[in-house]
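A.B. asks: Hey, dropping run_33.cif in here, mmCIF, C-alpha atoms:
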data_protein
loop_
_atom_site.group_PDB
_atom_site.id
_atom_site.type_symbol
_atom_site.label_atom_id
_atom_site.label_comp_id
_atom_site.auth_asym_id
_atom_site.auth_seq_id
_atom_site.Cartn_x
_atom_site.Cartn_y
_atom_site.Cartn_z
ATOM 1 C CA MET A 1 -45.090 -33.803 19.043
ATOM 2 C CA ARG A 2 -42.875 -34.275 22.097
ATOM 3 C CA ILE A 3 -43.079 -37.918 23.172
ATOM 4 C CA ALA A 4 -41.453 -39.891 25.991
ATOM 5 C CA ILE A 5 -40.576 -43.519 25.384
ATOM 6 C CA GLY A 6 -39.669 -46.194 27.890
ATOM 7 C CA MET A 7 -39.035 -49.868 27.311
ATOM 8 C CA ASP A 8 -37.766 -52.739 29.402
ATOM 9 C CA HIS A 9 -35.656 -55.538 27.940
ATOM 10 C CA TRP A 10 -38.612 -56.896 25.970
ATOM 11 C CA GLY A 11 -39.245 -53.496 24.443
ATOM 12 C CA PHE A 12 -35.574 -52.812 23.917
ATOM 13 C CA ILE A 13 -35.541 -55.267 21.009
ATOM 14 C CA TRP A 14 -37.688 -52.705 19.123
ATOM 15 C CA LYS A 15 -36.159 -49.527 20.418
ATOM 16 C CA GLU A 16 -33.943 -48.585 17.490
ATOM 17 C CA GLU A 17 -36.723 -49.206 14.992
ATOM 18 C CA ILE A 18 -39.385 -47.329 17.010
ATOM 19 C CA VAL A 19 -37.062 -44.365 17.583
ATOM 20 C CA SER A 20 -36.228 -44.204 13.874
ATOM 21 C CA PHE A 21 -39.916 -44.463 12.951
ATOM 22 C CA LEU A 22 -40.877 -41.615 15.294
ATOM 23 C CA GLU A 23 -37.991 -39.392 14.234
ATOM 24 C CA GLN A 24 -38.870 -39.895 10.546
ATOM 25 C CA GLN A 25 -42.324 -38.543 11.378
ATOM 26 C CA GLY A 26 -40.740 -35.449 12.920
ATOM 27 C CA HIS A 27 -41.450 -36.178 16.577
ATOM 28 C CA ASP A 28 -39.217 -34.910 19.385
ATOM 29 C CA LEU A 29 -38.307 -37.863 21.613
ATOM 30 C CA VAL A 30 -37.422 -38.015 25.276
ATOM 31 C CA ASP A 31 -35.787 -41.363 25.961
ATOM 32 C CA LYS A 32 -36.472 -42.711 29.455
ATOM 33 C CA GLY A 33 -34.650 -46.015 28.885
ATOM 34 C CA ALA A 34 -33.720 -48.775 28.782
ATOM 35 C CA TYR A 35 -30.371 -47.736 27.383
ATOM 36 C CA GLN A 36 -29.007 -51.263 27.005
ATOM 37 C CA HIS A 37 -30.440 -54.751 26.854
ATOM 38 C CA ASP A 38 -30.546 -56.124 30.388
ATOM 39 C CA PRO A 39 -32.750 -59.208 30.808
ATOM 40 C CA HIS A 40 -32.959 -58.462 34.538
ATOM 41 C CA ASP A 41 -34.316 -54.916 34.313
ATOM 42 C CA ASP A 42 -37.820 -54.050 35.516
ATOM 43 C CA TYR A 43 -40.466 -52.244 33.454
ATOM 44 C CA PRO A 44 -41.628 -49.923 36.290
ATOM 45 C CA ASP A 45 -38.211 -48.238 36.313
ATOM 46 C CA PHE A 46 -38.759 -46.938 32.773
ATOM 47 C CA VAL A 47 -42.540 -46.695 32.657
ATOM 48 C CA VAL A 48 -42.868 -44.461 35.706
ATOM 49 C CA SER A 49 -40.347 -42.021 34.214
ATOM 50 C CA VAL A 50 -42.460 -41.824 31.069
ATOM 51 C CA ALA A 51 -45.686 -41.439 33.048
ATOM 52 C CA ARG A 52 -44.237 -38.650 35.184
ATOM 53 C CA ALA A 53 -43.046 -36.826 32.063
ATOM 54 C CA VAL A 54 -46.577 -36.995 30.650
ATOM 55 C CA ALA A 55 -48.265 -35.977 33.908
ATOM 56 C CA SER A 56 -45.922 -33.009 34.400
ATOM 57 C CA GLY A 57 -46.417 -31.713 30.865
ATOM 58 C CA GLU A 58 -42.770 -32.275 29.917
ATOM 59 C CA VAL A 59 -44.146 -34.292 26.981
ATOM 60 C CA SER A 60 -47.540 -34.537 25.308
ATOM 61 C CA ARG A 61 -47.731 -38.333 25.201
ATOM 62 C CA GLY A 62 -45.863 -41.453 26.173
ATOM 63 C CA ILE A 63 -45.187 -44.865 24.671
ATOM 64 C CA VAL A 64 -44.180 -47.781 26.877
ATOM 65 C CA VAL A 65 -43.294 -51.321 25.895
ATOM 66 C CA CYS A 66 -42.837 -54.490 27.930
ATOM 67 C CA GLY A 67 -43.415 -58.140 27.076
ATOM 68 C CA SER A 68 -47.208 -58.156 27.316
ATOM 69 C CA GLY A 69 -48.027 -54.465 27.733
ATOM 70 C CA VAL A 70 -50.064 -55.290 30.825
ATOM 71 C CA GLY A 71 -47.498 -54.441 33.487
ATOM 72 C CA ALA A 72 -46.446 -51.280 31.682
ATOM 73 C CA SER A 73 -50.047 -50.070 31.518
ATOM 74 C CA ILE A 74 -50.698 -50.862 35.182
ATOM 75 C CA ALA A 75 -47.531 -49.066 36.311
ATOM 76 C CA ALA A 76 -48.235 -45.999 34.161
ATOM 77 C CA ASN A 77 -51.770 -45.703 35.531
ATOM 78 C CA LYS A 78 -50.429 -45.398 39.090
ATOM 79 C CA VAL A 79 -49.197 -41.879 38.252
ATOM 80 C CA PRO A 80 -51.968 -39.293 38.724
ATOM 81 C CA GLY A 81 -52.904 -37.618 35.458
ATOM 82 C CA VAL A 82 -51.950 -40.587 33.321
ATOM 83 C CA ARG A 83 -54.488 -42.528 31.303
ATOM 84 C CA SER A 84 -52.741 -45.530 29.835
ATOM 85 C CA ALA A 85 -54.098 -48.512 27.972
ATOM 86 C CA MET A 86 -52.562 -51.581 26.464
ATOM 87 C CA CYS A 87 -53.533 -51.612 22.802
ATOM 88 C CA HIS A 88 -52.913 -54.371 20.337
ATOM 89 C CA ASP A 89 -55.289 -53.134 17.635
ATOM 90 C CA SER A 90 -55.343 -49.773 15.863
ATOM 91 C CA TYR A 91 -58.987 -49.035 16.695
ATOM 92 C CA SER A 92 -58.286 -49.070 20.436
ATOM 93 C CA ALA A 93 -55.112 -47.027 19.939
ATOM 94 C CA HIS A 94 -56.960 -44.109 18.331
ATOM 95 C CA GLN A 95 -60.318 -44.517 20.057
ATOM 96 C CA GLY A 96 -58.638 -44.441 23.467
ATOM 97 C CA VAL A 97 -57.370 -40.957 22.668
ATOM 98 C CA GLU A 98 -60.552 -39.734 20.958
ATOM 99 C CA HIS A 99 -62.993 -40.851 23.656
ATOM 100 C CA ASP A 100 -60.897 -41.262 26.823
ATOM 101 C CA ASP A 101 -58.029 -38.799 26.351
ATOM 102 C CA MET A 102 -55.503 -41.630 26.673
ATOM 103 C CA ASN A 103 -52.020 -40.150 26.964
ATOM 104 C CA VAL A 104 -49.785 -43.223 27.332
ATOM 105 C CA LEU A 105 -49.840 -46.153 24.925
ATOM 106 C CA ALA A 106 -48.656 -49.530 26.236
ATOM 107 C CA ILE A 107 -47.667 -52.284 23.820
ATOM 108 C CA GLY A 108 -46.544 -55.877 24.355
ATOM 109 C CA SER A 109 -43.584 -56.840 22.205
ATOM 110 C CA ARG A 110 -44.315 -60.522 22.787
ATOM 111 C CA ILE A 111 -47.894 -60.048 21.556
ATOM 112 C CA VAL A 112 -47.584 -58.026 18.352
ATOM 113 C CA GLY A 113 -44.918 -57.640 15.710
ATOM 114 C CA ILE A 114 -42.964 -54.486 14.990
ATOM 115 C CA GLU A 115 -45.028 -53.502 11.927
ATOM 116 C CA LEU A 116 -48.285 -53.646 13.891
ATOM 117 C CA ALA A 117 -46.570 -51.753 16.713
ATOM 118 C CA LYS A 118 -45.773 -48.941 14.267
ATOM 119 C CA GLU A 119 -49.426 -48.869 13.154
ATOM 120 C CA LEU A 120 -50.513 -48.659 16.796
ATOM 121 C CA VAL A 121 -48.102 -45.817 17.487
ATOM 122 C CA GLU A 122 -49.273 -43.950 14.387
ATOM 123 C CA ALA A 123 -52.950 -44.405 15.295
ATOM 124 C CA PHE A 124 -52.271 -43.235 18.862
ATOM 125 C CA LEU A 125 -50.269 -40.169 17.872
ATOM 126 C CA SER A 126 -52.549 -39.040 15.049
ATOM 127 C CA ALA A 127 -55.689 -39.121 17.201
ATOM 128 C CA ASN A 128 -57.105 -36.179 19.136
ATOM 129 C CA TYR A 129 -59.494 -36.070 22.056
ATOM 130 C CA THR A 130 -62.954 -35.115 20.782
ATOM 131 C CA ALA A 131 -64.237 -33.553 24.036
ATOM 132 C CA GLU A 132 -67.802 -34.490 23.131
ATOM 133 C CA ALA A 133 -70.118 -33.926 26.097
ATOM 134 C CA ARG A 134 -70.538 -37.628 26.866
ATOM 135 C CA HIS A 135 -66.799 -38.245 26.663
ATOM 136 C CA GLN A 136 -65.982 -35.240 28.819
ATOM 137 C CA ARG A 137 -68.563 -36.291 31.411
ATOM 138 C CA ARG A 138 -66.933 -39.714 31.657
ATOM 139 C CA LEU A 139 -63.408 -38.302 31.703
ATOM 140 C CA ASP A 140 -64.371 -35.929 34.522
ATOM 141 C CA LYS A 141 -65.567 -38.933 36.530
ATOM 142 C CA VAL A 142 -62.318 -40.775 35.874
ATOM 143 C CA LYS A 143 -60.281 -37.746 36.935
ATOM 144 C CA ALA A 144 -62.370 -37.424 40.103
ATOM 145 C CA ILE A 145 -61.356 -40.949 41.109
ATOM 146 C CA GLU A 146 -57.774 -39.714 41.478
ATOM 147 C CA THR A 147 -58.705 -36.915 43.855
ATOM 148 C CA GLU A 148 -61.917 -37.966 45.549
ATOM 149 C CA GLY A 149 -62.172 -41.722 45.196
ATOM 150 C CA PHE A 150 -64.970 -43.405 43.298
ATOM 151 C CA LYS A 151 -68.501 -42.138 43.856
ATOM 152 C CA PRO A 152 -71.060 -43.716 41.527
ATOM 153 C CA ALA A 153 -73.554 -41.383 39.848
#
Mind turning this structure into C-alpha coordinates?
C.D. replies:
Amino acid sequence: MRIAIGMDHWGFIWKEEIVSFLEQQGHDLVDKGAYQHDPHDDYPDFVVSVARAVASGEVSRGIVVCGSGVGASIAANKVPGVRSAMCHDSYSAHQGVEHDDMNVLAIGSRIVGIELAKELVEAFLSANYTAEARHQRRLDKVKAIETEGFKPA
(Lines of atoms letter the chains of each structure in order from A and count residues from 1; the text may use other names and numbers.)
(Lines give C-alpha, C1' and ligand atoms only; values in the text may rest on other atoms or scores of the structure.)
Protein backbone atom coordinates (compact mmCIF):
# COMPACT_ATOMS: atom_id res chain seq x y z
CA MET A 1 0.00 0.00 0.00
CA ARG A 2 1.20 3.54 -0.71
CA ILE A 3 1.27 5.46 2.57
CA ALA A 4 2.23 9.03 3.46
CA ILE A 5 3.83 9.68 6.83
CA GLY A 6 4.33 12.96 8.63
CA MET A 7 5.71 13.58 12.09
CA ASP A 8 6.71 16.63 14.07
CA HIS A 9 9.60 16.58 16.54
CA TRP A 10 7.67 14.35 18.94
CA GLY A 11 7.00 11.85 16.18
CA PHE A 12 10.49 12.14 14.78
CA ILE A 13 11.83 10.11 17.71
CA TRP A 14 9.99 7.11 16.18
CA LYS A 15 10.50 7.86 12.53
CA GLU A 16 13.33 5.47 11.73
CA GLU A 17 11.61 2.59 13.50
CA ILE A 18 8.18 3.26 11.92
CA VAL A 19 9.69 3.60 8.44
CA SER A 20 11.60 0.34 8.87
CA PHE A 21 8.48 -1.41 10.18
CA LEU A 22 6.39 -0.26 7.21
CA GLU A 23 9.06 -1.09 4.64
CA GLN A 24 9.47 -4.60 6.10
CA GLN A 25 5.75 -5.10 5.45
CA GLY A 26 6.25 -4.09 1.82
CA HIS A 27 4.56 -0.69 1.91
CA ASP A 28 5.57 2.15 -0.40
CA LEU A 29 6.21 5.25 1.72
CA VAL A 30 5.92 8.92 0.89
CA ASP A 31 7.78 10.89 3.53
CA LYS A 32 6.27 14.31 4.24
CA GLY A 33 8.69 15.15 7.07
CA ALA A 34 10.05 16.04 9.49
CA TYR A 35 13.45 15.34 8.01
CA GLN A 36 15.42 16.30 11.11
CA HIS A 37 14.69 16.73 14.79
CA ASP A 38 13.71 20.34 15.38
CA PRO A 39 12.02 20.99 18.74
CA HIS A 40 10.54 24.19 17.30
CA ASP A 41 8.76 22.67 14.30
CA ASP A 42 4.97 22.63 14.05
CA TYR A 43 2.84 19.54 13.39
CA PRO A 44 0.49 21.24 10.87
CA ASP A 45 3.40 21.70 8.46
CA PHE A 46 3.78 17.92 8.09
CA VAL A 47 0.24 16.76 8.78
CA VAL A 48 -1.38 18.90 6.10
CA SER A 49 1.05 17.52 3.50
CA VAL A 50 0.02 14.00 4.47
CA ALA A 51 -3.68 14.88 4.45
CA ARG A 52 -3.45 16.49 1.01
CA ALA A 53 -1.66 13.42 -0.34
CA VAL A 54 -4.49 11.23 0.94
CA ALA A 55 -7.25 13.53 -0.31
CA SER A 56 -5.70 13.80 -3.78
CA GLY A 57 -5.27 10.04 -4.15
CA GLU A 58 -1.47 10.27 -4.28
CA VAL A 59 -1.51 7.73 -1.42
CA SER A 60 -4.13 5.36 -0.04
CA ARG A 61 -3.65 6.24 3.63
CA GLY A 62 -1.70 8.47 5.95
CA ILE A 63 -0.04 8.17 9.34
CA VAL A 64 0.69 11.27 11.41
CA VAL A 65 2.40 11.55 14.76
CA CYS A 66 2.71 14.41 17.24
CA GLY A 67 3.03 14.45 21.02
CA SER A 68 -0.59 13.68 21.87
CA GLY A 69 -2.09 12.86 18.48
CA VAL A 70 -4.83 15.41 19.09
CA GLY A 71 -3.39 18.32 17.12
CA ALA A 72 -2.36 16.07 14.25
CA SER A 73 -5.88 14.65 13.99
CA ILE A 74 -7.50 18.09 14.12
CA ALA A 75 -5.18 19.48 11.44
CA ALA A 76 -5.67 16.47 9.14
CA ASN A 77 -9.46 16.74 9.41
CA LYS A 78 -9.36 20.31 8.06
CA VAL A 79 -8.52 18.90 4.60
CA PRO A 80 -11.68 17.92 2.70
CA GLY A 81 -11.81 14.19 2.02
CA VAL A 82 -9.77 13.26 5.06
CA ARG A 83 -11.20 11.25 7.92
CA SER A 84 -8.61 11.16 10.67
CA ALA A 85 -8.82 9.88 14.21
CA MET A 86 -6.41 9.72 17.07
CA CYS A 87 -6.17 6.08 18.10
CA HIS A 88 -4.37 4.70 21.09
CA ASP A 89 -5.95 1.24 21.04
CA SER A 90 -6.00 -1.32 18.24
CA TYR A 91 -9.79 -1.71 18.22
CA SER A 92 -10.29 1.95 17.30
CA ALA A 93 -7.50 1.77 14.72
CA HIS A 94 -9.21 -0.99 12.72
CA GLN A 95 -12.82 -0.16 13.54
CA GLY A 96 -12.32 3.42 12.36
CA VAL A 97 -11.46 2.07 8.92
CA GLU A 98 -14.10 -0.68 8.87
CA HIS A 99 -17.05 1.49 9.93
CA ASP A 100 -16.01 5.08 9.17
CA ASP A 101 -13.58 4.73 6.25
CA MET A 102 -10.85 6.45 8.28
CA ASN A 103 -7.92 7.24 5.99
CA VAL A 104 -5.44 8.99 8.31
CA LEU A 105 -4.27 7.54 11.60
CA ALA A 106 -3.02 9.97 14.26
CA ILE A 107 -0.89 8.74 17.14
CA GLY A 108 0.58 10.50 20.18
CA SER A 109 4.18 9.54 20.84
CA ARG A 110 3.92 10.88 24.39
CA ILE A 111 0.87 8.67 25.04
CA VAL A 112 1.83 5.24 23.72
CA GLY A 113 5.09 3.39 23.28
CA ILE A 114 6.63 2.38 19.98
CA GLU A 115 5.49 -1.26 20.17
CA LEU A 116 1.86 -0.26 20.66
CA ALA A 117 2.27 2.30 17.87
CA LYS A 118 3.32 -0.52 15.53
CA GLU A 119 0.24 -2.53 16.55
CA LEU A 120 -1.95 0.51 15.85
CA VAL A 121 -0.37 1.01 12.44
CA GLU A 122 -0.81 -2.67 11.59
CA ALA A 123 -4.46 -2.67 12.70
CA PHE A 124 -5.13 0.50 10.68
CA LEU A 125 -3.44 -0.72 7.51
CA SER A 126 -4.88 -4.24 7.56
CA ALA A 127 -8.48 -3.05 7.93
CA ASN A 128 -10.89 -2.42 5.06
CA TYR A 129 -14.05 -0.37 4.91
CA THR A 130 -17.05 -2.71 5.08
CA ALA A 131 -19.52 -0.46 3.22
CA GLU A 132 -22.42 -1.98 5.14
CA ALA A 133 -25.61 0.01 4.53
CA ARG A 134 -25.63 1.62 7.98
CA HIS A 135 -21.97 2.57 7.73
CA GLN A 136 -22.37 3.97 4.23
CA ARG A 137 -25.42 5.98 5.29
CA ARG A 138 -23.42 7.56 8.10
CA LEU A 139 -20.36 8.15 5.92
CA ASP A 140 -22.53 9.87 3.31
CA LYS A 141 -23.78 12.22 6.02
CA VAL A 142 -20.24 12.96 7.14
CA LYS A 143 -19.16 13.66 3.56
CA ALA A 144 -22.15 15.97 3.09
CA ILE A 145 -20.94 18.11 5.98
CA GLU A 146 -17.91 19.06 3.89
CA THR A 147 -19.98 20.26 0.95
CA GLU A 148 -23.34 21.28 2.35
CA GLY A 149 -22.86 21.90 6.05
CA PHE A 150 -24.61 19.86 8.70
CA LYS A 151 -28.29 19.11 8.21
CA PRO A 152 -29.71 16.71 10.80
CA ALA A 153 -31.90 13.87 9.53
A.B. asks: Calculate how many Å separate CA of Lys141 (chain A) from CA of Glu58 (chain A), rounding to one decimal.
C.D. replies: 24.7 Å
A.B. asks: Mind telling me what the PyMOL selection byres ((chain A and resi 93-108) around 6) catches here, as a list in words?
C.D. replies: Arg61, Gly62, Ile63, Val64, Val65, Cys66, Gly67, Ser68, Gly69, Ser73, Arg83, Ser84, Ala85, Met86, Cys87, Ser90, Tyr91, Ser92, Ser109, Arg110, Ile111, Leu120, Ala123, Phe124, Ala127, Asn128, Tyr129, Thr130 and His135 of chain A
A.B. asks: Between A:Glu146, A:Asp28, A:Asp140, A:Glu17, which one has atoms that come closest to Ser60 (chain A), using all atoms listed in the file?
C.D. replies: A:Asp28
A.B. asks: Which is closest to Met1 (chain A) among A:Glu115, A:Glu16, A:Glu122, A:Asp42, if we use all atoms listed in the file?
C.D. replies: A:Glu122
A.B. asks: Report as a list in words the residues that result from applying the PyMOL selection byres ((chain A and resi 36) around 10) to the structure here.
C.D. replies: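 With the shown file as input, the PyMOL selection byres ((chain A and resi 36) around 10) matches Asp8, His9, Phe12, Ile13, Lys15, Gly33, Ala34, Tyr35, His37, Asp38, Pro39 and Asp41 of chain A.
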A.B. asks: To one decimal place in Å, what is the distance between CA of Lys78 (chain A) and CA of Glu148 (chain A)?
C.D. replies: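 Computing it gives 15.1 Å between the two atoms.
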A.B. asks: If I take CA of Gln24 (chain A) and CA of Lys118 (chain A), how far is one from the other in Å, to one decimal?
C.D. replies: 12.0 Å
A.B. asks: Neighbouring residues of Leu116 (chain A) were defined as those with any atom within 9 Å, considering all atoms listed in the file; residues of the same chain fewer than 5 positions away were excluded. Please report them as a list in words.
C.D. replies: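 With the cut-off at 9 Å, the set is His88, Asp89, Ser90 and Val121 of chain A.
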A.B. asks: If the PyMOL selection byres ((chain A and resi 44) around 9) is run on the structure shown, which residues does it catch, given as a list in words?
C.D. replies: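 Evaluating the PyMOL selection byres ((chain A and resi 44) around 9) on this file yields Asp8, Asp42, Tyr43, Asp45, Phe46, Val47, Val48, Ser49, Gly71, Ala72, Ala75 and Ala76 of chain A.
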